Amino acid sequence: MSHTTTGQNWLDQVFSSFKSGEAGAVRRRIQDVEAECGRAALELAVRKRGWHLIETDRDYIILCTTSPFRIIC
């Protein structure tokens, strides 16, 4: 599936509330990401920011920080 600038607009909206130096988390359904922009575009956007991307069975969780983290359990 090919995604247009609409996908980029969607990504911009997802990340718009997180500015440099702020930390937080964003959760989006995998099916929504695929419909709007695709996993590759999401992964690239997260990598460009130096953030972290976690995939669960139905969601992507983006940790909006460049700091290291640990999964405890």
# chains A, B, ... in the order shown; residues from 1 in each chain; ligands from 1
call {"tool": "residues_around", "arguments": {"residues": "A:Leu11", "least_positions_apart": "4", "cutoff": "8 Å", "atoms": "only C-alpha atoms", "output": "PDB file with all heavy atoms, in the first residue's frame"}}
result
ATOM      1  N   GLY A   7      -0.321  10.584   5.130  1.00  0.00           N
ATOM      2  CA  GLY A   7       0.360   9.790   6.155  1.00  0.00           C
ATOM      3  C   GLY A   7       1.354  10.615   6.938  1.00  0.00           C
ATOM      4  O   GLY A   7       1.470  10.487   8.155  1.00  0.00           O
ATOM      5  N   PHE A  15       2.980  13.182  16.742  1.00  0.00           N
ATOM      6  CA  PHE A  15       4.149  13.644  17.483  1.00  0.00           C
ATOM      7  C   PHE A  15       4.077  15.115  17.889  1.00  0.00           C
ATOM      8  O   PHE A  15       4.960  15.599  18.601  1.00  0.00           O
ATOM      9  CB  PHE A  15       5.414  13.422  16.654  1.00  0.00           C
ATOM     10  CG  PHE A  15       5.697  11.967  16.395  1.00  0.00           C
ATOM     11  CD1 PHE A  15       5.955  11.527  15.117  1.00  0.00           C
ATOM     12  CD2 PHE A  15       5.708  11.047  17.416  1.00  0.00           C
ATOM     13  CE1 PHE A  15       6.225  10.192  14.860  1.00  0.00           C
ATOM     14  CE2 PHE A  15       5.965   9.709  17.180  1.00  0.00           C
ATOM     15  CZ  PHE A  15       6.235   9.283  15.896  1.00  0.00           C
ATOM     16  N   CYS A  37      -0.218   5.454   7.565  1.00  0.00           N
ATOM     17  CA  CYS A  37       1.128   5.765   7.071  1.00  0.00           C
ATOM     18  C   CYS A  37       2.000   4.542   6.829  1.00  0.00           C
ATOM     19  O   CYS A  37       2.972   4.621   6.098  1.00  0.00           O
ATOM     20  CB  CYS A  37       1.836   6.720   8.024  1.00  0.00           C
ATOM     21  SG  CYS A  37       2.199   6.005   9.637  1.00  0.00           S
ATOM     22  N   LEU A  42       6.347   4.972  10.300  1.00  0.00           N
ATOM     23  CA  LEU A  42       6.324   5.196  11.746  1.00  0.00           C
ATOM     24  C   LEU A  42       7.693   4.907  12.347  1.00  0.00           C
ATOM     25  O   LEU A  42       8.228   5.703  13.121  1.00  0.00           O
ATOM     26  CB  LEU A  42       5.266   4.313  12.412  1.00  0.00           C
ATOM     27  CG  LEU A  42       5.230   4.378  13.940  1.00  0.00           C
ATOM     28  CD1 LEU A  42       4.824   5.770  14.417  1.00  0.00           C
ATOM     29  CD2 LEU A  42       4.309   3.314  14.500  1.00  0.00           C
ATOM     30  N   ALA A  45      10.175   7.635  11.519  1.00  0.00           N
ATOM     31  CA  ALA A  45       9.911   8.862  12.282  1.00  0.00           C
ATOM     32  C   ALA A  45      10.389   8.721  13.724  1.00  0.00           C
ATOM     33  O   ALA A  45      10.951   9.663  14.296  1.00  0.00           O
ATOM     34  CB  ALA A  45       8.421   9.183  12.239  1.00  0.00           C
TER      35      ALA A  45
END
call {"tool": "closest_residue", "arguments": {"among": "A:Leu44, A:Ile72, A:Ala23, A:Ile30", "to": "A:Asp57", "atoms": "only C-alpha atoms"}}
result
A:Ile30
call {"tool": "closest_residue", "arguments": {"among": "A:Ile61, A:Glu43, A:Lys48, A:Asn9", "to": "A:Gly24", "atoms": "only C-alpha atoms"}}
result
A:Ile61
call {"tool": "select_by_dssp", "arguments": {"residues": "chain A", "states": "alpha helix (DSSP H)", "output": "short mmCIF file (atom, residue, chain, number, x, y, z; two decimals) with all heavy atoms, in the first residue's frame"}}
result
data_model
loop_
_atom_site.label_atom_id
_atom_site.label_comp_id
_atom_site.auth_asym_id
_atom_site.auth_seq_id
_atom_site.Cartn_x
_atom_site.Cartn_y
_atom_site.Cartn_z
N THR A 5 1.19 12.16 1.36
CA THR A 5 1.49 13.17 2.37
C THR A 5 0.46 13.15 3.50
O THR A 5 0.74 13.65 4.58
CB THR A 5 1.54 14.58 1.75
OG1 THR A 5 0.32 14.82 1.07
CG2 THR A 5 2.71 14.73 0.83
N THR A 6 -0.70 12.57 3.26
CA THR A 6 -1.68 12.43 4.33
C THR A 6 -1.08 11.62 5.48
O THR A 6 -1.28 11.93 6.64
CB THR A 6 -2.96 11.75 3.82
OG1 THR A 6 -3.46 12.49 2.72
CG2 THR A 6 -4.00 11.65 4.89
N GLY A 7 -0.32 10.58 5.13
CA GLY A 7 0.36 9.79 6.15
C GLY A 7 1.35 10.62 6.94
O GLY A 7 1.47 10.49 8.15
N GLN A 8 2.09 11.49 6.26
CA GLN A 8 3.04 12.37 6.95
C GLN A 8 2.30 13.34 7.85
O GLN A 8 2.74 13.60 8.97
CB GLN A 8 3.92 13.12 5.95
CG GLN A 8 4.99 13.95 6.62
CD GLN A 8 5.94 13.13 7.48
OE1 GLN A 8 6.47 12.12 7.03
NE2 GLN A 8 6.14 13.54 8.72
N ASN A 9 1.19 13.85 7.39
CA ASN A 9 0.38 14.75 8.22
C ASN A 9 -0.10 14.03 9.48
O ASN A 9 -0.11 14.60 10.57
CB ASN A 9 -0.82 15.28 7.44
CG ASN A 9 -0.42 16.20 6.32
OD1 ASN A 9 0.67 16.74 6.29
ND2 ASN A 9 -1.31 16.37 5.36
N TRP A 10 -0.48 12.77 9.34
CA TRP A 10 -0.94 11.97 10.47
C TRP A 10 0.20 11.79 11.47
O TRP A 10 0.01 11.96 12.68
CB TRP A 10 -1.47 10.62 9.98
CG TRP A 10 -2.08 9.77 11.04
CD1 TRP A 10 -3.36 9.85 11.51
CD2 TRP A 10 -1.46 8.71 11.76
NE1 TRP A 10 -3.56 8.89 12.48
CE2 TRP A 10 -2.40 8.18 12.66
CE3 TRP A 10 -0.18 8.15 11.73
CZ2 TRP A 10 -2.13 7.13 13.51
CZ3 TRP A 10 0.09 7.10 12.58
CH2 TRP A 10 -0.87 6.60 13.46
N LEU A 11 1.39 11.45 10.97
CA LEU A 11 2.56 11.30 11.84
C LEU A 11 2.88 12.61 12.56
O LEU A 11 3.16 12.62 13.76
CB LEU A 11 3.78 10.85 11.05
CG LEU A 11 3.85 9.38 10.68
CD1 LEU A 11 5.00 9.14 9.72
CD2 LEU A 11 3.98 8.51 11.91
N ASP A 12 2.84 13.70 11.83
CA ASP A 12 3.10 15.01 12.44
C ASP A 12 2.13 15.28 13.58
O ASP A 12 2.51 15.79 14.63
CB ASP A 12 3.01 16.13 11.40
CG ASP A 12 4.13 16.07 10.38
OD1 ASP A 12 5.14 15.39 10.62
OD2 ASP A 12 3.97 16.71 9.32
N GLN A 13 0.87 14.92 13.38
CA GLN A 13 -0.15 15.13 14.41
C GLN A 13 0.13 14.24 15.63
O GLN A 13 0.00 14.69 16.77
CB GLN A 13 -1.53 14.83 13.85
CG GLN A 13 -2.64 15.05 14.85
CD GLN A 13 -4.00 14.69 14.28
OE1 GLN A 13 -4.12 14.15 13.19
NE2 GLN A 13 -5.03 15.00 15.03
N VAL A 14 0.52 13.00 15.40
CA VAL A 14 0.82 12.08 16.50
C VAL A 14 1.94 12.64 17.37
O VAL A 14 1.87 12.61 18.60
CB VAL A 14 1.21 10.68 15.96
CG1 VAL A 14 1.80 9.82 17.06
CG2 VAL A 14 0.00 9.99 15.33
N PHE A 15 2.98 13.18 16.74
CA PHE A 15 4.15 13.64 17.48
C PHE A 15 4.08 15.11 17.89
O PHE A 15 4.96 15.60 18.60
CB PHE A 15 5.41 13.42 16.65
CG PHE A 15 5.70 11.97 16.39
CD1 PHE A 15 5.95 11.53 15.12
CD2 PHE A 15 5.71 11.05 17.42
CE1 PHE A 15 6.22 10.19 14.86
CE2 PHE A 15 5.96 9.71 17.18
CZ PHE A 15 6.23 9.28 15.90
N ILE A 30 -2.11 -0.84 15.72
CA ILE A 30 -1.35 -1.25 14.54
C ILE A 30 -2.19 -1.05 13.28
O ILE A 30 -1.70 -0.54 12.28
CB ILE A 30 -0.87 -2.70 14.68
CG1 ILE A 30 0.20 -2.78 15.77
CG2 ILE A 30 -0.36 -3.25 13.35
CD1 ILE A 30 0.63 -4.19 16.13
N GLN A 31 -3.47 -1.41 13.34
CA GLN A 31 -4.33 -1.27 12.15
C GLN A 31 -4.48 0.19 11.74
O GLN A 31 -4.55 0.49 10.55
CB GLN A 31 -5.69 -1.92 12.37
CG GLN A 31 -6.55 -1.24 13.41
CD GLN A 31 -7.85 -1.99 13.68
OE1 GLN A 31 -7.93 -3.19 13.47
NE2 GLN A 31 -8.84 -1.27 14.15
N ASP A 32 -4.49 1.11 12.69
CA ASP A 32 -4.58 2.54 12.36
C ASP A 32 -3.29 3.03 11.71
O ASP A 32 -3.32 3.79 10.75
CB ASP A 32 -4.88 3.37 13.60
CG ASP A 32 -6.27 3.09 14.17
OD1 ASP A 32 -7.12 2.52 13.44
OD2 ASP A 32 -6.50 3.43 15.35
N VAL A 33 -2.16 2.60 12.25
CA VAL A 33 -0.86 2.98 11.67
C VAL A 33 -0.77 2.48 10.24
O VAL A 33 -0.39 3.22 9.33
CB VAL A 33 0.31 2.44 12.52
CG1 VAL A 33 1.64 2.64 11.81
CG2 VAL A 33 0.33 3.11 13.89
N GLU A 34 -1.14 1.22 10.02
CA GLU A 34 -1.08 0.66 8.66
C GLU A 34 -1.99 1.41 7.71
O GLU A 34 -1.63 1.65 6.56
CB GLU A 34 -1.43 -0.83 8.68
CG GLU A 34 -0.39 -1.69 9.37
CD GLU A 34 0.99 -1.59 8.74
OE1 GLU A 34 1.10 -1.37 7.51
OE2 GLU A 34 1.99 -1.72 9.46
N ALA A 35 -3.16 1.82 8.17
CA ALA A 35 -4.11 2.54 7.32
C ALA A 35 -3.65 3.96 7.01
O ALA A 35 -3.90 4.48 5.92
CB ALA A 35 -5.49 2.58 7.99
N GLU A 36 -2.96 4.59 7.96
CA GLU A 36 -2.59 6.00 7.81
C GLU A 36 -1.23 6.23 7.16
O GLU A 36 -1.09 7.13 6.34
CB GLU A 36 -2.64 6.70 9.17
CG GLU A 36 -4.00 6.75 9.79
CD GLU A 36 -4.98 7.63 9.02
OE1 GLU A 36 -4.54 8.51 8.24
OE2 GLU A 36 -6.19 7.44 9.19
N ARG A 39 3.96 0.92 8.78
CA ARG A 39 4.93 0.71 9.85
C ARG A 39 6.29 1.32 9.53
O ARG A 39 6.95 1.90 10.39
CB ARG A 39 5.10 -0.79 10.11
CG ARG A 39 6.16 -1.04 11.17
CD ARG A 39 6.47 -2.49 11.32
NE ARG A 39 7.64 -2.64 12.17
CZ ARG A 39 7.83 -3.65 12.98
NH1 ARG A 39 6.96 -4.62 13.03
NH2 ARG A 39 8.92 -3.71 13.72
N ALA A 40 6.73 1.18 8.29
CA ALA A 40 8.06 1.69 7.92
C ALA A 40 8.17 3.19 8.18
O ALA A 40 9.17 3.68 8.69
CB ALA A 40 8.38 1.36 6.47
N ALA A 41 7.13 3.93 7.82
CA ALA A 41 7.14 5.38 8.03
C ALA A 41 7.13 5.72 9.52
O ALA A 41 7.83 6.64 9.97
CB ALA A 41 5.95 6.03 7.33
N LEU A 42 6.35 4.97 10.30
CA LEU A 42 6.32 5.20 11.75
C LEU A 42 7.69 4.91 12.35
O LEU A 42 8.23 5.70 13.12
CB LEU A 42 5.27 4.31 12.41
CG LEU A 42 5.23 4.38 13.94
CD1 LEU A 42 4.82 5.77 14.42
CD2 LEU A 42 4.31 3.31 14.50
N GLU A 43 8.26 3.78 11.98
CA GLU A 43 9.57 3.41 12.51
C GLU A 43 10.63 4.44 12.15
O GLU A 43 11.44 4.84 13.00
CB GLU A 43 9.98 2.03 11.99
CG GLU A 43 11.24 1.52 12.62
CD GLU A 43 11.58 0.11 12.19
OE1 GLU A 43 10.69 -0.65 11.77
OE2 GLU A 43 12.79 -0.23 12.29
N LEU A 44 10.63 4.91 10.93
CA LEU A 44 11.58 5.93 10.51
C LEU A 44 11.42 7.21 11.32
O LEU A 44 12.40 7.80 11.78
CB LEU A 44 11.43 6.22 9.01
CG LEU A 44 12.36 7.27 8.43
CD1 LEU A 44 13.82 6.83 8.56
CD2 LEU A 44 12.01 7.53 6.98
N ALA A 45 10.17 7.64 11.52
CA ALA A 45 9.91 8.86 12.28
C ALA A 45 10.39 8.72 13.72
O ALA A 45 10.95 9.66 14.30
CB ALA A 45 8.42 9.18 12.24
N VAL A 46 10.18 7.56 14.31
CA VAL A 46 10.61 7.32 15.70
C VAL A 46 12.14 7.29 15.77
O VAL A 46 12.75 7.92 16.63
CB VAL A 46 9.99 6.02 16.25
CG1 VAL A 46 10.58 5.66 17.60
CG2 VAL A 46 8.47 6.15 16.36
N ARG A 47 12.76 6.58 14.84
CA ARG A 47 14.24 6.51 14.81
C ARG A 47 14.87 7.89 14.62
O ARG A 47 15.88 8.20 15.26
CB ARG A 47 14.70 5.59 13.69
CG ARG A 47 14.54 4.14 13.99
CD ARG A 47 15.08 3.29 12.83
NE ARG A 47 14.80 1.90 13.02
CZ ARG A 47 15.57 1.07 13.72
NH1 ARG A 47 16.66 1.50 14.30
NH2 ARG A 47 15.24 -0.21 13.84
N LYS A 48 14.29 8.71 13.74
CA LYS A 48 14.84 10.05 13.49
C LYS A 48 14.86 10.88 14.77
O LYS A 48 15.73 11.73 14.95
CB LYS A 48 14.02 10.77 12.42
CG LYS A 48 14.33 10.29 11.02
CD LYS A 48 13.40 10.85 9.97
CE LYS A 48 13.33 12.34 9.94
NZ LYS A 48 12.52 12.85 8.81
N ARG A 49 13.91 10.64 15.65
CA ARG A 49 13.85 11.38 16.90
C ARG A 49 14.71 10.74 18.00
O ARG A 49 14.86 11.30 19.07
CB ARG A 49 12.39 11.47 17.36
CG ARG A 49 11.56 12.37 16.48
CD ARG A 49 10.08 12.20 16.77
NE ARG A 49 9.28 13.19 16.08
CZ ARG A 49 8.94 13.13 14.80
NH1 ARG A 49 9.33 12.11 14.05
NH2 ARG A 49 8.22 14.09 14.24
#
call {"tool": "residues_around", "arguments": {"residues": "A:Thr66", "least_positions_apart": "5", "cutoff": "8 Å", "atoms": "only C-alpha atoms", "output": "list of chain:residue names"}}
result
A:Arg49, A:Gly50, A:Trp51, A:His52
call {"tool": "select_by_dssp", "arguments": {"residues": "chain A", "states": "strand (DSSP E or B)", "output": "JSON, numbers by chain"}}
result
{"A": [25, 26, 27, 28, 29, 52, 53, 54, 55, 59, 60, 61, 62, 63]}
